[in-house]
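Before any comments, here is the structure.
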Amino acid sequence: MSEKVGPMITETDSEDRSFSKWTIIALALLSLTYLSLGYIRSESGLVHAFDTGIYLQILSNLQVGRGWVSSITGEHLFLAHHFQPVVAILVPLYAAFSSPFALLLVSWLALLVSCIFLMKVLPAKGIASKNSSEWIAVALFLYPTLASRVTYSFVPEVMALPALCYLAYLLAKKDRIHRKEWTGLILCLVYVALCKETLWLTSAWTAVVLALAYRKDKEAKVFWVLGLLFLLGFAYLFFQWMPAHSDLSGYYGLSYFHNAWVNGRWGFLGKILGAVLNLFSLQSLGTLLVVVILLPAGLTLFGGYWALAGAIPALLLVMAASNNQIHDLTNHYLIAALPFIAVASAMGLDRLRARFKEPKVRTYLALLAVLIPAAMTALHSSGFVFQTLFATQRMELRLRQAAAELRKEIDPNELILIDGSLQPLFSDLPQVKVILGFQGNPTHVTLEDLKKVRRVITTNDLSDLKDCRSIRAGEGDLTVFDYEGFYQYCDWLKSANFVKKEYLPNRLIDLKIEAQP
């Protein structure tokens with residue numbers, strides 16, 4: 001099925017199951033670094049309600065039998081907001097360890113298992129050499145999209161990484177799929193789809209690519225049927241089931257695919273046309289160049305094309321977006337593309353290194369594949385260096401204990417307004433709304449909400465703020481926050497009578513509303 005990799009693969013690759021000591025050291029040091037930063041951020045109130053806090057609240061609700069309710073998103077059934085049933089398997093973990101750091105650990109484990117899979121399976125199956133597989137596994141561990149899931153925020157899509165690696169491996173296979181692999185294929189296709197509604201498209205497309213790759217074999221018909229089933233499943237889920245069960249008037253994510261030329265014309269078909277036109281914008285073409293060519297050091301040009309094809313749905317969804325946030329390499333939207341790019345890169349590295357006899361040149365090529373994502377992760381404007389400096393300045397490891405003291409004073413049935421950075425520390429409270437929400441995300445605090453609020457948990461009581469409207473997006477900032485909603489809240493708070501209690505100055509302040517304005 002797939003291209004022969006070339007002479008870089010030796011007979012001993014399939015027999016040698018051990019990893020290079022340098023690979024083990026690299027992954028161990030990176031893990032320690034990631035987890036240390038993740039722990040400091042989670043314990044210091046630097047992990048946000050979007051997205052980590054949302055899932056912590058859902059896990060709390062599932063644990064006590066409240067179901068998939070989410071006051072943060074305003075959904076009585078969160079699965080109609082994002083179809084991610086896979087979250088439910090984390091309930092036992094939450095019951096034992098109800099911290100944002102627990103979810104960052106899940107991200108780390110999924111990433112580590114994926115890297116181990118690539119290092120063990122690709123050489124054992126003759127897809128890529130042991131050396132190239134280890135280099136690319138380290139590069140994957142360094143990729144900014146995935147590093148940020150351990151240090152910055154959790155999303156359930158990261159739990160699909162090992163299954164996506166398995167699907168990428170099947171696309172890269174040279175021989176027919178065996179019976180046990182068929183079982184793994186079906187399970188992985190289903191599991192991936194349960195991690196997010198858009199991943200149904202990745203499962204469907206993977207089956208289609210397999211049908212094309214095995215087009216001369218009888219299995220091709222089965223792959224076509226699988227692809228059709230997952231595509232129909234996505235259509236039913238996204239266009240019928242989710243809208244029917246949502247408390248919102250429309251899928252909020254569509255606001256990310258705005259096109260200035262279409263500008264709201266022609267209804268839903270106009271949105272589709274706008275998304276298609278966005279694919280050819282300079283921003284989208286730049287993202288494609290960076291993700292597929294630059295970050296993998298051009299290795300995807302030299303082999304592994306069947307595996308690389310699996311990345312197409314996730315890449316198209318990112319490219320179709322007009323929102324800069326979606327294109328940001330530290331955000332999570334590229335997760336479903338990266339395992340396919342990694343497998344293709346390992347195969348491409350073998351092919352490229354086979355052209356050079358000088359060992360130093362081969363080493364430099366492999367080193368380049370690691371240094372490019374490492375530099376991006378470290379030096380990105382919201383990357384590791386920035387997050388480390390910010391976390392060091394804002395570190396406050398007493399915050400969790402202070403939050404526990406405040407929690408004793410709270411009636412869980414009352415409506416509470418809370419800073420997004422503090423909500424993950426109060427994930428068991430079912431009636432909270434985040435003060436400063438995202439545009440397009442249904443988290444806005446309404447006038448009706450303000451009339452019901454009896455408590456505000458915040459880092460700033462705004463007493464030093466003279467003009468509420470002086471808080472606005474700076475030049476060049478992403479305008480993703482609901483500033484109008486904040487102005488409404490600010491005016492309300494300045495007119496309300498409240499009793500203030502500082503548990504930690506400028507880090508945890510409780511405002512108990514005594515009288516509404």
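All residue names refer to the structure tokens as shown: chains lettered A, B, ... in order, residues numbered from 1 in each chain, ligands numbered from 1 in order.
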
Could you name the residues that touch Pro92 of chain A at 12 Å or less, counting only C-alpha atoms, but leaving out those on the same chain fewer than 5 positions away, as a CSV table (one decimal) with all heavy atoms, in the first residue's frame?
```
chain,number,residue,atom,x,y,z
A,59,LEU,N,-17.5,17.3,35.3
A,59,LEU,CA,-17.2,16.1,36.0
A,59,LEU,C,-17.8,16.1,37.4
A,59,LEU,O,-18.3,15.1,37.9
A,59,LEU,CB,-15.6,16.0,36.1
A,59,LEU,CG,-14.9,15.6,34.8
A,59,LEU,CD1,-13.4,15.8,35.0
A,59,LEU,CD2,-15.2,14.2,34.5
A,60,SER,N,-17.8,17.3,38.1
A,60,SER,CA,-18.5,17.4,39.4
A,60,SER,C,-19.9,17.1,39.3
A,60,SER,O,-20.5,16.3,40.1
A,60,SER,CB,-18.2,18.8,39.9
A,60,SER,OG,-19.0,19.0,41.1
A,62,LEU,N,-21.5,15.3,37.0
A,62,LEU,CA,-21.6,13.9,36.7
A,62,LEU,C,-21.4,13.0,38.0
A,62,LEU,O,-22.2,12.0,38.2
A,62,LEU,CB,-20.7,13.4,35.6
A,62,LEU,CG,-20.9,13.9,34.2
A,62,LEU,CD1,-19.8,13.5,33.3
A,62,LEU,CD2,-22.2,13.3,33.7
A,63,GLN,N,-20.5,13.4,38.8
A,63,GLN,CA,-20.2,12.6,40.0
A,63,GLN,C,-21.3,12.6,41.0
A,63,GLN,O,-21.6,11.6,41.6
A,63,GLN,CB,-18.9,13.2,40.7
A,63,GLN,CG,-18.5,12.5,41.9
A,63,GLN,CD,-17.5,13.3,42.7
A,63,GLN,OE1,-17.2,14.4,42.4
A,63,GLN,NE2,-16.9,12.6,43.7
A,64,VAL,N,-22.0,13.7,41.1
A,64,VAL,CA,-23.1,13.8,42.1
A,64,VAL,C,-24.5,13.6,41.4
A,64,VAL,O,-25.5,13.7,42.1
A,64,VAL,CB,-23.1,15.2,42.8
A,64,VAL,CG1,-21.8,15.4,43.5
A,64,VAL,CG2,-23.4,16.3,41.8
A,87,VAL,N,-15.5,12.4,28.2
A,87,VAL,CA,-15.2,13.0,29.5
A,87,VAL,C,-15.7,12.2,30.6
A,87,VAL,O,-15.1,12.2,31.7
A,87,VAL,CB,-15.9,14.4,29.5
A,87,VAL,CG1,-15.8,15.1,30.9
A,87,VAL,CG2,-15.3,15.3,28.4
A,97,PHE,N,-9.2,13.3,42.8
A,97,PHE,CA,-8.3,14.4,42.7
A,97,PHE,C,-9.0,15.5,41.9
A,97,PHE,O,-8.8,15.6,40.6
A,97,PHE,CB,-7.0,13.9,41.9
A,97,PHE,CG,-5.9,14.9,41.9
A,97,PHE,CD1,-5.8,15.9,42.9
A,97,PHE,CD2,-4.9,14.8,41.0
A,97,PHE,CE1,-4.7,16.8,42.9
A,97,PHE,CE2,-3.8,15.7,40.9
A,97,PHE,CZ,-3.7,16.7,41.9
A,98,SER,N,-9.8,16.4,42.5
A,98,SER,CA,-10.6,17.4,41.9
A,98,SER,C,-9.8,18.7,41.6
A,98,SER,O,-10.2,19.7,42.1
A,98,SER,CB,-11.8,17.7,42.7
A,98,SER,OG,-11.5,18.1,44.0
A,102,ALA,N,-5.1,17.6,37.7
A,102,ALA,CA,-5.4,16.2,37.3
A,102,ALA,C,-5.7,16.1,35.8
A,102,ALA,O,-5.3,15.2,35.2
A,102,ALA,CB,-6.7,15.8,38.1
```

For Leu493 of chain A, which residue out of A:His48, A:His258, A:Lys125, A:Arg454 is the nearest one, using only C-alpha atoms? A:Arg454

Just the residues within 6 Å of Ala128 of chain A, please, counting only C-alpha atoms, with nothing from its chain fewer than 5 positions along; format it as a list in words. Leu122, Pro123, Ala346 and Met347 of chain A

I need the chosen residues saved as an mmCIF file, in the first residue's frame, with all heavy atoms.
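Here's the written file result-v6.cif:
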```
data_model
loop_
_atom_site.group_PDB
_atom_site.id
_atom_site.type_symbol
_atom_site.label_atom_id
_atom_site.label_comp_id
_atom_site.auth_asym_id
_atom_site.auth_seq_id
_atom_site.Cartn_x
_atom_site.Cartn_y
_atom_site.Cartn_z
ATOM 1 N N LEU A 122 6.228 1.918 15.008
ATOM 2 C CA LEU A 122 6.729 2.247 13.666
ATOM 3 C C LEU A 122 7.961 1.425 13.285
ATOM 4 O O LEU A 122 8.003 0.867 12.172
ATOM 5 C CB LEU A 122 7.019 3.739 13.560
ATOM 6 C CG LEU A 122 5.828 4.697 13.728
ATOM 7 C CD1 LEU A 122 6.233 6.119 13.360
ATOM 8 C CD2 LEU A 122 4.639 4.254 12.900
ATOM 9 N N PRO A 123 8.969 1.292 14.157
ATOM 10 C CA PRO A 123 10.101 0.424 13.796
ATOM 11 C C PRO A 123 9.714 -1.057 13.735
ATOM 12 O O PRO A 123 10.173 -1.788 12.851
ATOM 13 C CB PRO A 123 11.117 0.673 14.916
ATOM 14 C CG PRO A 123 10.698 1.946 15.550
ATOM 15 C CD PRO A 123 9.210 1.996 15.426
ATOM 16 N N ALA A 346 8.194 10.915 10.203
ATOM 17 C CA ALA A 346 9.148 9.843 10.495
ATOM 18 C C ALA A 346 9.545 9.112 9.221
ATOM 19 O O ALA A 346 10.732 8.803 8.998
ATOM 20 C CB ALA A 346 8.545 8.869 11.509
ATOM 21 N N MET A 347 8.569 8.854 8.362
ATOM 22 C CA MET A 347 8.862 8.188 7.089
ATOM 23 C C MET A 347 9.663 9.107 6.177
ATOM 24 O O MET A 347 10.606 8.675 5.500
ATOM 25 C CB MET A 347 7.554 7.772 6.422
ATOM 26 C CG MET A 347 6.736 6.785 7.253
ATOM 27 S SD MET A 347 5.110 6.420 6.569
ATOM 28 C CE MET A 347 5.574 5.438 5.136
#
```

Pull the helix (DSSP H, G or I) assignments for segment 222-265 of chain A out of DSSP run on the backbone, and list those residues as JSON, numbers by chain. {"A": [222, 223, 224, 225, 226, 227, 228, 229, 230, 231, 232, 233, 234, 235, 236, 237, 238, 239, 240, 241, 242, 243, 244, 245, 252, 253, 254, 255, 256, 257]}

Can I get the selection written as a CSV table (one decimal), in the first residue's frame, with N, CA and C atoms?
```csv
chain,number,residue,atom,x,y,z
A,222,VAL,N,-15.7,-2.3,2.6
A,222,VAL,CA,-15.9,-2.1,4.0
A,222,VAL,C,-15.5,-0.7,4.5
A,223,PHE,N,-14.3,-0.3,4.0
A,223,PHE,CA,-13.9,1.0,4.4
A,223,PHE,C,-14.8,2.1,3.9
A,224,TRP,N,-15.3,2.0,2.6
A,224,TRP,CA,-16.3,2.9,2.1
A,224,TRP,C,-17.5,3.0,3.0
A,225,VAL,N,-18.0,1.8,3.4
A,225,VAL,CA,-19.2,1.8,4.2
A,225,VAL,C,-18.9,2.5,5.6
A,226,LEU,N,-17.8,2.2,6.2
A,226,LEU,CA,-17.4,2.8,7.4
A,226,LEU,C,-17.3,4.4,7.3
A,227,GLY,N,-16.7,4.8,6.2
A,227,GLY,CA,-16.6,6.2,6.0
A,227,GLY,C,-18.0,6.9,5.8
A,228,LEU,N,-18.9,6.2,5.1
A,228,LEU,CA,-20.3,6.7,4.9
A,228,LEU,C,-21.0,6.8,6.3
A,229,LEU,N,-20.9,5.7,7.1
A,229,LEU,CA,-21.6,5.7,8.4
A,229,LEU,C,-21.1,6.8,9.3
A,230,PHE,N,-19.8,7.1,9.3
A,230,PHE,CA,-19.3,8.1,10.2
A,230,PHE,C,-19.7,9.5,9.7
A,231,LEU,N,-19.8,9.6,8.4
A,231,LEU,CA,-20.2,10.9,7.8
A,231,LEU,C,-21.7,11.2,8.0
A,232,LEU,N,-22.5,10.1,7.9
A,232,LEU,CA,-23.9,10.3,8.2
A,232,LEU,C,-24.1,10.5,9.7
A,233,GLY,N,-23.3,9.9,10.5
A,233,GLY,CA,-23.4,10.1,12.0
A,233,GLY,C,-23.1,11.5,12.3
A,234,PHE,N,-22.0,12.1,11.7
A,234,PHE,CA,-21.7,13.5,11.9
A,234,PHE,C,-22.9,14.4,11.5
A,235,ALA,N,-23.4,14.2,10.3
A,235,ALA,CA,-24.5,15.0,9.8
A,235,ALA,C,-25.7,15.0,10.7
A,236,TYR,N,-26.1,13.8,11.2
A,236,TYR,CA,-27.2,13.7,12.1
A,236,TYR,C,-26.9,14.4,13.4
A,237,LEU,N,-25.7,14.1,13.9
A,237,LEU,CA,-25.3,14.7,15.2
A,237,LEU,C,-25.3,16.2,15.2
A,238,PHE,N,-24.6,16.8,14.2
A,238,PHE,CA,-24.3,18.2,14.1
A,238,PHE,C,-25.5,19.0,13.6
A,239,PHE,N,-26.2,18.5,12.7
A,239,PHE,CA,-27.3,19.3,12.1
A,239,PHE,C,-28.7,19.0,12.7
A,240,GLN,N,-28.8,17.9,13.4
A,240,GLN,CA,-30.1,17.5,14.0
A,240,GLN,C,-30.1,17.4,15.5
A,241,TRP,N,-29.3,16.4,16.0
A,241,TRP,CA,-29.4,16.1,17.4
A,241,TRP,C,-28.9,17.2,18.3
A,242,MET,N,-27.7,17.8,18.0
A,242,MET,CA,-27.2,18.9,18.8
A,242,MET,C,-28.1,20.1,18.8
A,243,PRO,N,-28.5,20.6,17.7
A,243,PRO,CA,-29.5,21.8,17.7
A,243,PRO,C,-30.8,21.5,18.5
A,244,ALA,N,-31.3,20.2,18.4
A,244,ALA,CA,-32.5,19.9,19.0
A,244,ALA,C,-32.4,19.9,20.5
A,245,HIS,N,-31.2,19.6,21.1
A,245,HIS,CA,-31.0,19.5,22.5
A,245,HIS,C,-30.3,20.7,23.1
A,252,TYR,N,-22.5,28.0,18.5
A,252,TYR,CA,-21.6,29.2,18.7
A,252,TYR,C,-20.4,29.1,17.9
A,253,GLY,N,-19.8,27.9,17.6
A,253,GLY,CA,-18.6,27.8,16.9
A,253,GLY,C,-18.6,28.4,15.5
A,254,LEU,N,-19.8,28.5,14.9
A,254,LEU,CA,-19.9,29.0,13.5
A,254,LEU,C,-19.5,30.5,13.4
A,255,SER,N,-19.4,31.2,14.6
A,255,SER,CA,-19.0,32.6,14.6
A,255,SER,C,-17.5,32.6,14.3
A,256,TYR,N,-16.8,31.5,14.4
A,256,TYR,CA,-15.3,31.5,14.1
A,256,TYR,C,-15.1,31.5,12.6
A,257,PHE,N,-16.1,31.3,11.7
A,257,PHE,CA,-15.9,31.1,10.3
A,257,PHE,C,-16.5,32.2,9.5
```

Would you kindly return, as a PyMOL selection string, each protein, DNA or RNA residue with an atom no farther than 10 Å from any atom of Leu46 of chain A, considering only C-alpha atoms and excluding same-chain residues fewer than 3 positions away? chain A and resi 38-43+49+100+152-153+387+390-391+394-396+420-422+424
